[in-house]
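The block underneath contains the structure these notes are about, expressed in structure tokens.
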Amino acid sequence: MRSASAVGREEWDALVPPAQVYLSYDWLRAVEECFGFELVLFLLRDGGRTVAGVQGLLVRDPDAFPYHDPTGALFGDYEMDHLRQALERDRSPQESAEAGALLAAVVRAEAGHTRAAGYPALVMTSPYGYASDVLTLPGTDREGAIGELLAAVDAFCRAEEIPSQSFLWESGGDAALHRALAGHGYLEFLSDLEYDLDTGACASLEEYLGTLERKRRTVVRAEIRKFGEAGLCVERVADPDPALIARCAELAEGQQKKYGLPVDRGAMERLFTALLAAPALGPALYVVRRRDAQGPDVSGFLLCLEAGGVLHPKFLGFDATEVGSGYAYFNLVFYHQVERAVAGGARRISYGMGSADAKRLRGCRPAPVRGWIRFSSPAAQRRIEPYVAVFDCLKKQLLGDQDGRVQR
């Protein structure tokens, strides 16, 4: 299927695990319509019933969005910063400088080769959601279904002359999927760590604070107090008007620019509107205001989704001149969401990748996120294989210090 609209919502969502909001029909349809992504969905049917599926998108321009393509996943600035940090570990300044220069030369050559040999690319990931999985109905022979779908992906790429296939941001730790991907020639590498906060054992914000180290509890209480002293408050907006959504898109644009990501404010407005109108995604819009402010005059926002007892803080942005040193980010994204989780019965908050220190210091636990890539050309596959092996090794060296589990 060449669009999410070609599949029925109930048909697709029957495959999706309850907490996996970024693979749901409403999410895929919203990002497809708002950003113009070329989605491709593969379905496995048994007697007219869909029993398995996998979705991806065609990436024709490696510069279109850095986290939706193999070049960005293997050679992006964020990845290179990680590799340079790994090279600096346990080396003298001269040794790390020499190793860094060699890495830069290899990256220039291999990134150019990957761009030439790998596009258009079929990327089996959720646009803007950074989730990869093969979905199966309960009771289905999962390993067999995965094999059938991977064979269909291979056949599609041959017919359409698509030279590379990849699963980016796979985090399920699914042994059956890993065996199947390796068996189909996909090369594995450690991409990053994602962070979850377990709130299931907490009945209040105070109980959450009790799970933190004593010094960290003191810091958090000070951040909560300073937020109030700065005259700021959090408000949930149940029915935002277009002016408020436009203001949120403006703040999101600033957040995107901060990390060097492409910006399309109009598309963000359309996406926020679509998500807020999709009750199955459990959307909730929170804003940070001055206590005397009204209407669209907000200093920050968070658009959070909820599915299967898991909160997904997703889109956010702040006006730095307005929030000042009031710790608006931590109060809105962490402490207010913890209060919401324990009050509403959510058992987990999924914070995704990045900002590792901020998340670990507030009780989040890391888990590995993997990437898998395969080139149709044997020559291109042989060339990229040693780079992927080195990339994986250096990522494990760096990220493994945060949690030994990621090295397995």
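Letters A, B, ... mark the chains of the structure tokens in the order given; residue numbers begin at 1 per chain; ligand numbers begin at 1, in order shown.
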Mind listing the strand (DSSP E or B) residues of segment 134-307 of chain A, per DSSP on the backbone, as an NGL selection string? :A and (135-136 or 164-170 or 187-198 or 232-237 or 284-290 or 300-307)
Selection export as a CSV table (one decimal), in the first residue's frame, atoms kept: C-alpha atoms:
```csv
chain,number,residue,atom,x,y,z
A,135,LEU,CA,3.5,-5.8,13.8
A,136,THR,CA,1.7,-9.1,14.3
A,164,SER,CA,18.9,0.4,0.4
A,165,GLN,CA,16.6,-0.7,3.2
A,166,SER,CA,16.9,0.1,6.8
A,167,PHE,CA,15.1,-0.2,10.1
A,168,LEU,CA,16.0,2.9,12.1
A,169,TRP,CA,15.2,3.4,15.8
A,170,GLU,CA,14.2,-0.2,16.7
A,187,LEU,CA,23.8,-4.9,9.5
A,188,GLU,CA,23.1,-4.0,13.1
A,189,PHE,CA,24.4,-0.9,15.0
A,190,LEU,CA,23.7,0.8,18.3
A,191,SER,CA,21.9,4.1,17.5
A,192,ASP,CA,21.3,5.7,20.8
A,193,LEU,CA,19.6,5.2,24.2
A,194,GLU,CA,16.0,6.0,24.9
A,195,TYR,CA,14.7,6.9,28.4
A,196,ASP,CA,11.6,5.8,30.3
A,197,LEU,CA,10.4,6.9,33.7
A,198,ASP,CA,8.5,4.2,35.7
A,232,LEU,CA,4.8,30.9,36.1
A,233,CYS,CA,2.1,28.2,36.1
A,234,VAL,CA,1.0,25.2,34.0
A,235,GLU,CA,-2.4,25.1,32.4
A,236,ARG,CA,-4.1,22.4,30.4
A,237,VAL,CA,-6.0,23.7,27.4
A,284,ALA,CA,-3.2,16.8,25.9
A,285,LEU,CA,-1.9,20.3,25.4
A,286,TYR,CA,-0.2,22.0,28.3
A,287,VAL,CA,1.0,25.6,28.3
A,288,VAL,CA,3.2,27.7,30.6
A,289,ARG,CA,1.9,31.2,31.3
A,290,ARG,CA,2.5,34.1,33.5
A,300,GLY,CA,5.9,27.5,26.6
A,301,PHE,CA,3.9,24.5,25.6
A,302,LEU,CA,4.0,20.7,25.6
A,303,LEU,CA,1.8,18.5,23.4
A,304,CYS,CA,1.7,15.1,25.1
A,305,LEU,CA,0.1,11.9,23.8
A,306,GLU,CA,-1.1,8.9,25.9
A,307,ALA,CA,-1.7,5.3,24.9
```
Could you pull out all residues of segment 73-310 of chain A with a DSSP call of alpha helix (DSSP H) and give them as a ChimeraX atom specification? /A:73-75,77-88,93-118,142-160,175-183,205-210,214-229,242-258,265-276
Residues near segment 140-146 of chain A, cut-off 7 Å, only C-alpha atoms, skip fewer than 3 positions along chain, as JSON, numbers by chain: {"A": [51, 52, 134, 136, 137, 149, 150, 176, 177, 180]}
With all heavy atoms kept, could you save the residues just selected as a compact mmCIF listing (two decimals), in the first residue's frame?
```txt
# COMPACT_ATOMS: atom_id res chain seq x y z
N VAL A 51 -2.84 -10.23 9.29
CA VAL A 51 -2.24 -10.81 10.50
C VAL A 51 -0.89 -10.18 10.85
O VAL A 51 -0.37 -10.40 11.94
CB VAL A 51 -2.08 -12.33 10.36
CG1 VAL A 51 -3.44 -13.00 10.20
CG2 VAL A 51 -1.16 -12.68 9.19
N ALA A 52 -0.32 -9.39 9.93
CA ALA A 52 0.98 -8.76 10.21
C ALA A 52 1.16 -7.58 9.25
O ALA A 52 0.53 -7.51 8.19
CB ALA A 52 2.12 -9.76 10.05
N VAL A 134 7.99 -4.74 13.32
CA VAL A 134 7.08 -5.52 12.49
C VAL A 134 5.92 -5.91 13.40
O VAL A 134 6.13 -6.48 14.48
CB VAL A 134 7.77 -6.77 11.91
CG1 VAL A 134 6.77 -7.61 11.16
CG2 VAL A 134 8.92 -6.36 10.99
N THR A 136 2.40 -7.80 14.50
CA THR A 136 1.70 -9.06 14.26
C THR A 136 0.52 -9.18 15.22
O THR A 136 0.57 -8.71 16.36
CB THR A 136 2.63 -10.27 14.46
OG1 THR A 136 3.26 -10.18 15.75
CG2 THR A 136 3.71 -10.32 13.39
N LEU A 137 -0.53 -9.84 14.75
CA LEU A 137 -1.66 -10.15 15.62
C LEU A 137 -1.25 -11.18 16.66
O LEU A 137 -0.43 -12.08 16.38
CB LEU A 137 -2.82 -10.72 14.82
CG LEU A 137 -3.76 -9.76 14.07
CD1 LEU A 137 -4.86 -10.57 13.41
CD2 LEU A 137 -4.35 -8.72 15.01
N LEU A 149 7.27 -10.76 5.45
CA LEU A 149 7.25 -9.32 5.20
C LEU A 149 8.60 -8.80 4.74
O LEU A 149 8.68 -7.94 3.86
CB LEU A 149 6.78 -8.58 6.45
CG LEU A 149 5.29 -8.74 6.76
CD1 LEU A 149 4.95 -8.20 8.15
CD2 LEU A 149 4.43 -8.03 5.72
N LEU A 150 9.68 -9.32 5.31
CA LEU A 150 11.01 -8.89 4.86
C LEU A 150 11.24 -9.31 3.41
O LEU A 150 11.86 -8.56 2.63
CB LEU A 150 12.10 -9.45 5.76
CG LEU A 150 12.17 -8.88 7.18
CD1 LEU A 150 13.33 -9.51 7.95
CD2 LEU A 150 12.30 -7.37 7.18
N ALA A 176 13.20 -12.44 17.80
CA ALA A 176 12.73 -12.98 16.51
C ALA A 176 12.99 -11.98 15.39
O ALA A 176 13.43 -12.35 14.29
CB ALA A 176 11.24 -13.30 16.59
N LEU A 177 12.74 -10.71 15.64
CA LEU A 177 13.00 -9.67 14.64
C LEU A 177 14.49 -9.56 14.37
O LEU A 177 14.92 -9.46 13.21
CB LEU A 177 12.43 -8.34 15.10
CG LEU A 177 12.67 -7.14 14.17
CD1 LEU A 177 12.09 -7.41 12.79
CD2 LEU A 177 12.08 -5.87 14.77
N ALA A 180 15.69 -12.44 12.21
CA ALA A 180 15.22 -12.32 10.83
C ALA A 180 15.98 -11.24 10.07
O ALA A 180 16.37 -11.44 8.92
CB ALA A 180 13.72 -12.01 10.83
```
Contacts of segment 215-228 of chain A within 8 Å, only C-alpha atoms, excl. fewer than 4 positions in-chain, as a list of chain:residue names: A:Leu209, A:Gly210, A:Leu232, A:Cys233, A:Ser325, A:Gly326, A:Tyr327, A:Ala328, A:Phe330, A:Asn331, A:Tyr335, A:Leu361, A:Arg362
Interatomic distance between atom CA of Gln20 of chain A and atom CA of Leu205 of chain A? 25.6 Å
Figure out the distance between atom CA of Gly56 of chain A and atom CA of Leu39 of chain A, please, to one decimal in Å.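 According to the coordinates, atom CA of Leu39 of chain A and atom CA of Gly56 of chain A are separated by 5.8 Å.
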What does the distance from atom CA of Asp239 of chain A to atom CA of Val310 of chain A come to in Å, to one decimal?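 Separation between atom CA of Asp239 of chain A and atom CA of Val310 of chain A: 22.3 Å.
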Near Pro163 of chain A, counting only C-alpha atoms, which residues have an atom at most 7 Å away, once you skip same-chain residues fewer than 6 positions from it, shown as a list in words? Ala117, Gly118, Tyr119, Pro120, Ala121, Cys157, Phe375, Ser376 and Ser377 of chain A
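For Ala131 of chain A, the non-local neighbours within 8 Å, defined as residues at least 2 positions apart in the same chain or in other chains and counting only C-alpha atoms, are A:Tyr22, A:Leu23, A:Thr125, A:Ser126, A:Gly129, A:Asp133, A:Leu168, A:Trp169, A:Glu170, A:Ser171.
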How about saving the chosen residues, N, CA and C atoms kept, as a PDB file, in the first residue's frame?
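The result, stored in result34.pdb:
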```pdb
ATOM      1  N   TYR A  22       3.280   5.765  18.134  1.00  0.00           N
ATOM      2  CA  TYR A  22       3.875   6.287  16.907  1.00  0.00           C
ATOM      3  C   TYR A  22       3.762   5.336  15.711  1.00  0.00           C
ATOM      4  N   LEU A  23       3.236   4.147  15.935  1.00  0.00           N
ATOM      5  CA  LEU A  23       2.942   3.250  14.820  1.00  0.00           C
ATOM      6  C   LEU A  23       1.443   3.152  14.558  1.00  0.00           C
ATOM      7  N   THR A 125      10.643   3.121   9.422  1.00  0.00           N
ATOM      8  CA  THR A 125      10.540   3.831  10.691  1.00  0.00           C
ATOM      9  C   THR A 125       9.320   4.719  10.652  1.00  0.00           C
ATOM     10  N   SER A 126       8.867   5.137  11.815  1.00  0.00           N
ATOM     11  CA  SER A 126       7.699   5.999  11.906  1.00  0.00           C
ATOM     12  C   SER A 126       8.130   7.448  11.733  1.00  0.00           C
ATOM     13  N   GLY A 129       8.212   9.875  14.603  1.00  0.00           N
ATOM     14  CA  GLY A 129       7.953   9.108  15.808  1.00  0.00           C
ATOM     15  C   GLY A 129       9.132   8.268  16.258  1.00  0.00           C
ATOM     16  N   ASP A 133       9.198  -1.396  13.912  1.00  0.00           N
ATOM     17  CA  ASP A 133       8.799  -2.725  14.375  1.00  0.00           C
ATOM     18  C   ASP A 133       8.049  -3.417  13.246  1.00  0.00           C
ATOM     19  N   LEU A 168      15.364   1.930  11.225  1.00  0.00           N
ATOM     20  CA  LEU A 168      16.005   2.882  12.119  1.00  0.00           C
ATOM     21  C   LEU A 168      15.164   3.043  13.383  1.00  0.00           C
ATOM     22  N   TRP A 169      15.841   3.137  14.518  1.00  0.00           N
ATOM     23  CA  TRP A 169      15.205   3.384  15.812  1.00  0.00           C
ATOM     24  C   TRP A 169      14.349   2.206  16.253  1.00  0.00           C
ATOM     25  N   GLU A 170      14.909   1.011  16.193  1.00  0.00           N
ATOM     26  CA  GLU A 170      14.224  -0.206  16.655  1.00  0.00           C
ATOM     27  C   GLU A 170      14.608  -0.427  18.107  1.00  0.00           C
ATOM     28  N   SER A 171      13.594  -0.521  18.973  1.00  0.00           N
ATOM     29  CA  SER A 171      13.907  -0.559  20.407  1.00  0.00           C
ATOM     30  C   SER A 171      13.189  -1.659  21.167  1.00  0.00           C
TER      31      SER A 171
END
```
Find the residues around segment 95-97 of chain A up to 10 Å (only C-alpha atoms counted), leave out those fewer than 6 positions away in its own chain, and share them as a PyMOL selection string. chain A and resi 84-89+103
I need the residue nearest Gly139 of chain A from this list: A:Ala343, A:Ala152, A:Leu15, A:Glu250. Use only C-alpha atoms for the distance.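 The answer is A:Leu15, which sits nearest to Gly139 of chain A.
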